[in-house]
Structures are given as structure tokens and as C-alpha cells.
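The structure file my_file33.tsv is reproduced below (TSV, C-alpha atoms).
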```
chain	number	residue	atom	x	y	z
H	1	MET	CA	19.00	47.84	6.09
H	2	LYS	CA	18.96	49.22	9.55
H	3	ALA	CA	21.84	51.63	10.01
H	4	ARG	CA	24.53	50.43	12.33
H	5	THR	CA	26.34	53.39	13.77
H	6	GLY	CA	28.76	52.57	16.57
H	7	TYR	CA	29.26	49.09	17.86
H	8	SER	CA	27.65	47.90	21.06
H	9	THR	CA	28.76	45.27	23.54
H	10	SER	CA	25.83	43.06	22.61
H	11	LEU	CA	26.98	43.07	19.00
H	12	LYS	CA	30.48	42.04	20.04
H	13	GLN	CA	29.06	39.31	22.24
H	14	GLU	CA	26.85	38.06	19.44
H	15	PHE	CA	29.83	37.90	17.14
H	16	LEU	CA	31.98	36.15	19.74
H	17	LYS	CA	29.34	33.52	20.48
H	18	LYS	CA	28.78	32.73	16.83
H	19	TRP	CA	32.47	32.70	16.13
H	20	ILE	CA	33.27	30.27	18.94
H	21	LYS	CA	30.32	28.10	17.92
H	22	GLY	CA	31.69	27.96	14.41
H	23	ILE	CA	35.17	27.03	15.59
H	24	ARG	CA	33.74	24.24	17.75
H	25	ILE	CA	31.65	22.81	14.92
H	26	TYR	CA	34.65	22.98	12.61
H	27	SER	CA	36.90	21.18	15.07
H	28	ASN	CA	34.31	18.48	15.61
H	29	PHE	CA	34.38	18.06	11.88
H	30	LYS	CA	38.12	17.83	11.60
H	31	LYS	CA	40.01	16.51	14.56
H	32	ASP	CA	43.78	17.02	14.73
H	33	MET	CA	44.11	20.02	12.48
H	34	ASN	CA	47.48	21.36	11.57
H	35	ILE	CA	48.25	25.03	12.04
H	36	LEU	CA	47.11	26.04	8.58
H	37	GLU	CA	43.78	24.32	8.95
H	38	ARG	CA	43.32	25.92	12.33
H	39	LYS	CA	43.91	29.33	10.82
H	40	LYS	CA	41.35	28.58	8.15
H	41	ALA	CA	38.86	27.40	10.76
H	42	ILE	CA	39.36	30.57	12.79
H	43	LYS	CA	39.13	32.94	9.84
H	44	LEU	CA	36.19	31.20	8.19
H	45	SER	CA	34.22	31.07	11.41
H	46	ALA	CA	34.98	34.73	12.06
H	47	ASP	CA	33.76	35.78	8.62
H	48	LEU	CA	30.61	33.70	8.85
H	49	ALA	CA	29.94	34.98	12.34
H	50	ILE	CA	30.24	38.66	11.48
H	51	ALA	CA	28.15	38.19	8.36
H	52	SER	CA	25.42	36.45	10.30
H	53	THR	CA	25.10	39.34	12.76
H	54	ARG	CA	23.43	41.17	9.89
H	55	ASN	CA	20.76	38.50	9.42
H	56	ALA	CA	21.03	38.70	5.64
H	57	SER	CA	19.89	42.33	5.66
H	58	THR	CA	22.91	43.69	3.82
H	59	ARG	CA	24.37	42.78	0.47
H	60	TRP	CA	27.89	42.33	1.79
H	61	SER	CA	26.80	39.84	4.45
H	62	ARG	CA	24.74	37.79	2.00
H	63	THR	CA	27.54	37.79	-0.56
H	64	LEU	CA	30.17	36.85	2.01
H	65	THR	CA	28.12	33.90	3.26
H	66	ALA	CA	27.28	32.80	-0.29
H	67	ASN	CA	30.92	32.97	-1.38
H	68	ILE	CA	32.03	30.85	1.56
H	69	SER	CA	29.26	28.32	0.88
H	70	LYS	CA	30.27	28.01	-2.77
H	71	ASN	CA	33.22	25.84	-1.72
H	72	GLU	CA	31.99	22.26	-1.47
H	73	THR	CA	33.94	21.36	1.65
H	74	ASN	CA	32.78	24.50	3.41
H	75	LYS	CA	29.19	23.96	2.44
H	76	ILE	CA	28.53	21.14	4.90
H	77	PHE	CA	30.19	23.11	7.65
H	78	VAL	CA	28.16	26.25	6.88
H	79	GLU	CA	24.92	24.29	6.83
H	80	GLN	CA	25.71	22.92	10.26
H	81	ILE	CA	26.27	26.37	11.68
H	82	PHE	CA	23.08	27.76	10.26
H	83	SER	CA	21.00	24.68	10.93
H	84	ASP	CA	19.19	26.16	13.87
H	85	SER	CA	19.07	29.76	12.73
H	86	GLU	CA	18.89	31.57	9.42
H	87	VAL	CA	18.57	30.02	5.99
H	88	ILE	CA	21.43	30.59	3.58
H	89	LYS	CA	19.76	32.66	0.89
H	90	LYS	CA	21.19	32.34	-2.55
H	91	GLU	CA	22.09	35.82	-3.64
H	92	ALA	CA	19.79	36.66	-6.54
H	93	PRO	CA	21.49	37.95	-9.68
H	94	SER	CA	21.06	41.66	-9.93
H	95	ARG	CA	17.93	42.65	-11.80
H	96	LEU	CA	19.43	46.05	-12.36
H	97	MET	CA	21.57	44.83	-15.26
H	98	ALA	CA	18.98	45.08	-18.06
H	99	ARG	CA	17.57	48.33	-16.81
H	100	SER	CA	20.97	49.85	-16.31
H	101	ASN	CA	21.82	49.39	-20.00
H	102	ARG	CA	18.88	51.59	-20.98
H	103	ILE	CA	19.76	54.13	-18.34
H	104	ALA	CA	23.40	54.05	-19.40
H	105	SER	CA	22.68	55.09	-22.99
H	106	LYS	CA	20.48	57.92	-21.75
H	107	LYS	CA	23.25	58.99	-19.39
H	108	ILE	CA	25.81	59.01	-22.18
H	109	TRP	CA	23.65	61.29	-24.35
H	110	ARG	CA	22.93	63.56	-21.41
H	111	ARG	CA	26.56	63.68	-20.39
H	112	SER	CA	27.88	64.63	-23.83
H	113	HIS	CA	25.20	67.27	-24.17
H	114	ILE	CA	25.97	68.73	-20.75
H	115	THR	CA	29.68	68.67	-21.48
H	116	GLN	CA	29.14	70.72	-24.61
H	117	ILE	CA	27.14	73.32	-22.70
H	118	LYS	CA	29.75	73.48	-19.95
H	119	ALA	CA	32.57	73.82	-22.43
H	120	ARG	CA	30.92	76.90	-23.81
H	121	LYS	CA	30.56	78.37	-20.32
H	122	MET	CA	33.70	77.27	-18.50
H	123	GLY	CA	36.27	76.94	-21.18
H	124	PRO	CA	38.09	73.78	-22.25
H	125	TYR	CA	40.63	73.63	-19.42
H	126	ALA	CA	38.12	73.61	-16.61
H	127	VAL	CA	36.10	70.95	-18.37
H	128	LYS	CA	39.17	68.78	-18.84
H	129	ALA	CA	40.20	69.15	-15.20
H	130	ARG	CA	36.75	68.24	-14.03
H	131	SER	CA	36.56	65.18	-16.25
H	132	ILE	CA	39.94	63.99	-14.99
H	133	ALA	CA	38.72	64.37	-11.42
H	134	LYS	CA	35.59	62.44	-12.31
H	135	LYS	CA	37.67	59.66	-13.83
H	136	LEU	CA	39.73	59.45	-10.65
H	137	VAL	CA	36.61	59.11	-8.53
H	138	LYS	CA	35.26	56.51	-10.93
H	139	ASN	CA	38.41	54.41	-10.73
H	140	ARG	CA	38.55	54.63	-6.96
H	141	THR	CA	34.91	53.63	-6.77
H	142	LYS	CA	35.77	50.59	-8.85
H	143	VAL	CA	38.43	49.60	-6.34
H	144	LEU	CA	36.00	50.09	-3.47
H	145	LYS	CA	33.48	47.88	-5.22
H	146	SER	CA	36.04	45.13	-5.41
H	147	LEU	CA	36.76	45.39	-1.69
H	148	VAL	CA	33.19	45.29	-0.40
H	149	PRO	CA	31.60	41.87	-0.92
H	150	GLY	CA	28.83	42.13	-3.47
H	151	GLY	CA	29.80	45.69	-4.31
H	152	GLU	CA	30.22	45.12	-8.04
H	153	ASN	CA	26.59	45.70	-8.92
H	154	MET	CA	25.94	48.56	-6.58
H	155	ASP	CA	26.32	52.24	-7.03
H	156	GLY	CA	25.96	55.59	-5.41
H	157	ILE	CA	24.06	55.72	-2.19
H	158	SER	CA	23.68	51.95	-1.79
H	159	LEU	CA	27.38	51.39	-2.21
H	160	ILE	CA	28.28	53.99	0.40
H	161	LYS	CA	25.71	52.63	2.84
H	162	GLU	CA	27.00	49.09	2.37
H	163	THR	CA	30.56	50.33	2.81
H	164	LEU	CA	29.67	52.09	6.06
H	165	ASP	CA	28.00	48.98	7.45
H	166	TYR	CA	30.81	46.74	6.24
H	167	ILE	CA	33.50	48.88	7.87
H	168	VAL	CA	31.66	49.02	11.19
H	169	SER	CA	31.26	45.23	11.12
H	170	LEU	CA	34.91	44.68	10.22
H	171	ARG	CA	35.92	46.82	13.17
H	172	VAL	CA	33.81	44.70	15.52
H	173	GLN	CA	35.40	41.58	14.09
H	174	VAL	CA	38.93	42.94	14.50
H	175	ASP	CA	38.25	44.25	18.00
H	176	VAL	CA	36.95	40.96	19.37
H	177	MET	CA	39.64	38.90	17.63
H	178	ARG	CA	42.30	41.21	19.01
H	179	ARG	CA	41.00	40.88	22.54
H	180	LEU	CA	40.88	37.12	22.34
H	181	ALA	CA	44.41	37.03	20.99
H	182	SER	CA	45.79	39.19	23.80
H	183	ALA	CA	43.79	37.24	26.41
H	184	ALA	CA	45.21	34.00	25.08
H	185	GLU	CA	48.71	35.49	25.01
H	186	ASN	CA	48.45	36.72	28.58
H	187	SER	CA	47.24	33.37	29.80
H	188	THR	CA	50.03	31.41	28.15
H	189	ARG	CA	52.54	33.83	29.60
H	190	SER	CA	51.33	33.26	33.14
H	191	LEU	CA	51.35	29.47	32.76
E	1	MET	CA	9.79	57.52	3.04
E	2	SER	CA	8.53	54.91	0.58
E	3	SER	CA	8.56	57.45	-2.26
E	4	ARG	CA	12.19	58.20	-1.59
E	5	ARG	CA	13.01	54.53	-1.67
E	6	SER	CA	11.30	53.99	-5.03
E	7	ARG	CA	13.04	57.02	-6.42
E	8	GLN	CA	16.36	55.62	-5.33
E	9	SER	CA	15.79	52.26	-6.92
E	10	THR	CA	14.72	53.58	-10.34
E	11	SER	CA	17.45	56.13	-10.90
E	12	SER	CA	20.47	56.01	-8.66
E	13	SER	CA	21.91	58.81	-10.77
E	14	ARG	CA	19.47	61.36	-9.38
E	15	ILE	CA	21.00	61.44	-5.91
E	16	THR	CA	20.95	64.78	-4.21
E	17	ASP	CA	24.25	66.35	-3.29
E	18	ASP	CA	23.07	66.65	0.30
E	19	GLN	CA	22.58	62.91	0.59
E	20	ILE	CA	26.04	62.26	-0.73
E	21	ILE	CA	27.58	64.86	1.55
E	22	GLU	CA	25.86	63.31	4.55
E	23	LEU	CA	27.04	59.79	3.77
E	24	VAL	CA	30.56	60.86	2.87
E	25	SER	CA	30.86	62.72	6.15
E	26	LYS	CA	29.78	59.56	7.97
E	27	LEU	CA	32.53	57.71	6.14
E	28	GLN	CA	35.03	60.38	7.09
E	29	GLN	CA	34.14	59.97	10.74
E	30	LEU	CA	34.93	56.29	10.51
E	31	LEU	CA	38.28	56.72	8.80
E	32	PRO	CA	41.21	57.03	11.17
E	33	GLU	CA	43.17	59.62	9.27
E	34	ILE	CA	41.30	62.24	7.38
E	35	ARG	CA	40.59	65.91	7.79
E	36	ASP	CA	37.23	67.49	7.12
E	37	ARG	CA	37.32	69.31	3.82
E	38	ARG	CA	34.75	70.88	1.55
E	39	SER	CA	33.02	68.18	-0.38
E	40	ASN	CA	34.23	68.50	-3.94
E	41	LYS	CA	35.52	65.91	-6.34
E	42	ALA	CA	39.10	66.19	-5.08
E	43	SER	CA	38.25	65.30	-1.50
E	44	ALA	CA	35.71	62.70	-2.63
E	45	ASN	CA	38.64	61.01	-4.28
E	46	LYS	CA	40.64	61.27	-1.08
E	47	VAL	CA	37.82	59.82	1.00
E	48	LEU	CA	37.45	56.92	-1.40
E	49	GLN	CA	41.18	56.32	-1.35
E	50	GLU	CA	41.31	56.35	2.45
E	51	THR	CA	38.28	54.09	2.62
E	52	CYS	CA	39.90	51.52	0.35
E	53	ASN	CA	43.15	51.64	2.30
E	54	TYR	CA	41.29	51.26	5.55
E	55	ILE	CA	39.28	48.25	4.37
E	56	ARG	CA	42.44	46.63	3.08
E	57	SER	CA	44.21	47.17	6.40
E	58	LEU	CA	41.23	45.70	8.28
E	59	HIS	CA	41.33	42.64	6.01
E	60	ARG	CA	45.03	42.26	6.73
E	61	GLU	CA	44.43	42.52	10.45
E	62	VAL	CA	41.79	39.80	10.38
E	63	ASP	CA	44.24	37.61	8.53
E	64	ASP	CA	47.12	38.34	10.93
E	65	LEU	CA	44.93	37.78	13.97
E	66	SER	CA	43.71	34.47	12.56
E	67	GLU	CA	47.34	33.48	12.11
E	68	ARG	CA	48.24	34.53	15.63
E	69	LEU	CA	45.25	32.78	17.13
E	70	SER	CA	45.98	29.57	15.25
E	71	GLN	CA	49.35	29.51	16.99
E	72	LEU	CA	48.00	30.45	20.40
E	73	LEU	CA	44.99	28.18	20.46
E	74	SER	CA	47.09	25.09	19.98
E	75	THR	CA	44.18	22.85	20.72
E	76	ILE	CA	40.67	24.03	20.21
E	77	ASP	CA	39.29	21.30	22.34
E	78	ALA	CA	37.09	21.43	25.36
E	79	ASP	CA	39.60	20.71	28.11
E	80	SER	CA	42.41	23.08	27.24
E	81	PRO	CA	43.05	26.21	29.33
E	82	GLU	CA	42.37	28.32	26.25
E	83	ALA	CA	38.89	26.91	26.04
E	84	GLY	CA	38.43	28.02	29.63
E	85	ILE	CA	39.29	31.58	28.69
E	86	ILE	CA	36.93	31.50	25.77
E	87	ARG	CA	34.17	30.19	27.95
E	88	SER	CA	34.71	32.88	30.54
E	89	LEU	CA	34.69	35.53	27.84
E	90	ILE	CA	31.34	34.41	26.61
E	91	MET	CA	29.69	34.30	30.03
```
Reformat the file's structure so that it appears as C-alpha cells.
Amino acid sequence: MKARTGYSTSLKQEFLKKWIKGIRIYSNFKKDMNILERKKAIKLSADLAIASTRNASTRWSRTLTANISKNETNKIFVEQIFSDSEVIKKEAPSRLMARSNRIASKKIWRRSHITQIKARKMGPYAVKARSIAKKLVKNRTKVLKSLVPGGENMDGISLIKETLDYIVSLRVQVDVMRRLASAAENSTRSL
Amino acid sequence: MSSRRSRQSTSSSRITDDQIIELVSKLQQLLPEIRDRRSNKASANKVLQETCNYIRSLHREVDDLSERLSQLLSTIDADSPEAGIIRSLIM
């Protein structure tokens, strides 16, 4: 995964192009949409567009695309968008599951052993405080995993990297959408 | 470089503190409201909390903007004035 630091104009343009393309394909699909369907078309196209700027190189983008494609009605629409570009890869189930069980039992032994050593050095209060802090971090990490698409099976460095990339991409998405909204608002005002 | 990658994939538990500090500081730079603190468990918690709040607010914004746009772009068809704006934005 190539690190994406700030966001460039070309990235915003790429997102905008793909987003508009998606909206057009969707509206060719479904003429005369009501306001709710329009919102869905706009949001879906935006999510697909921002995911596709990653070219399936990040877990969040693959998961996002896969989740959208799971819906049968969306599937045809998604296939149309990607017909000339990337293939929709089915996100492989994480192979880390089996291995992580073995590692987990090793971790548990190590952790209890280390805790005993620490308790002798630091005293029971410090150990308790530290374990509470650890629990807090663990719970927050769980929440973060639920917010980043595909985050459930990731940990540590990978999770943070994915989060960084996801946040940068979300900001691009919001920025472009915001500009379009204010451009559209300004134009209707002057009409 | 490749050795580091294989080490990461076999045991994600053996991450160096420096790597975590570097990534967490990158996260902090992205977050709109957070002060630079020493990297201990307490501030790691705070960074995670702020990150989650930020992602949630970004999700909400995408949703609100989609709502707004669905009202503004009353017809997403080729001949409307809105389509003209969109076209000029892409060019």
C-alpha cells in the first residue's frame, strides 16, 4: 500500500470523474428517481468512486466495494462502472485466523507471566492501573475496527496504516462533495 | 525492507514502540483537535477516541452532503444547468 499523505488535485479530479460517471450510469439505469433514490445514487457512487481511487491496494477500499456489491440490485450497477477498468476482487477470508489462535495462547501465557514479574516490581496498584489503561485502548481499538471497512481482522500497524489512508480518502470525498454542493447552491441562487 | 515486511506478517505483536509512535503522530496530525502529548497509554486512548469521533463525523458529513445534493441536483440528466456545472468542474 503506497502511503497517501496529503491529497492532491489530481486525486480530487479522479474522484470527481468517477463519481459523476457513477451517477450517470445509475440514472441511466433508473429514470425518474425520487429524492431518496437520488440520495442513494449520489452516496453509492461517491463511495465506489473513492474506493476505486485506491485500485484495490488497501483493505478498506476492497471491503467497501465488496460490501456494496453484495447487494443484488447494486451488483449490476457496480459491474457496469467497473466494466472498463478494475476487476471487483472478492475479498479473501483472512488467513490469519488459524495462526492467530496459536499466537493468542502464547500471548496469554506470556502476558500472565509478565504480569506476575511486574507485580513483584511495581506493586499491585500500578499493575492494576496499567491493565485498566490497556483495556481502554483495547476497547477503543475495537470501535475503530468497526468504523474502518475491513478493520475487524486487522491489528497494530496495519490497522493504523489503513486508518490513516481511510481518513485521507474520506477527507477528499467530503471536500469534493462539499464543493459541488456549494457550486450547485450558488448556481440555483443566481437563476 | 522485505525482511521487515515478513516480520510484520508473522507476529504483529512484536511492533517496535518507535513504529507505533511514528504512526500515531501521523494520525494526530490528521485529527483536527488534538495536542501533542508524550506517547503513553493514556494519550493513545485519546488519539483512538479522537480518531473514532473524526471518522464518525466524516461519515455523517458524507451522508448530509448526499442529502443536500439530492435536493439540489433535482434532475441528474444531461440538459439541466446542474449538469453544465458538473461538466465544467470536470474539465
Inset, instruction - Counting only C-alpha atoms, figure out which residue out of H:Arg59, H:Lys70, H:Arg178, H:Lys18 gets nearest to chain E. - result: H:Arg178
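Using only C-alpha atoms, we find that the part of chain E lying within 6 Å of chain H comprises Asn45, Cys52, Val62, Ser66, Glu67, Leu69 and Ser70 of chain E.
Around Ile81 in chain H, within 9 Å and counting all atoms listed in the file, the residues found are H:Lys18, H:Lys21, H:Gly22, H:Ile25, H:Leu48, once anything fewer than 6 positions away on its own chain is removed.
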Inset, instruction - Would you list the residues near (26.9, 38.5, -2.2) (no more than 9 Å away, in the coordinates of the file, using only C-alpha atoms) as a ChimeraX atom specification? - result: /H:58-67,90-92,149-151
Legend entry - Thr115 in chain H environment, 12 Å, only C-alpha atoms, sequence neighbours closer than 3 positions dropped, as an MDAnalysis selection string: chainID H and resid 107:112 118:124 126:128 130:131
Inset, instruction - Would you work out the distance separating CA of Glu162 in chain H from CA of Ser69 in chain H, expressed in Å to one decimal? - result: 20.9 Å
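A straight line drawn from CA of Val78 in chain H to CA of Ser57 in chain H is 18.1 Å long.
Note that CA of Ile55 in chain E and CA of Gln29 in chain E are 14.3 Å apart.
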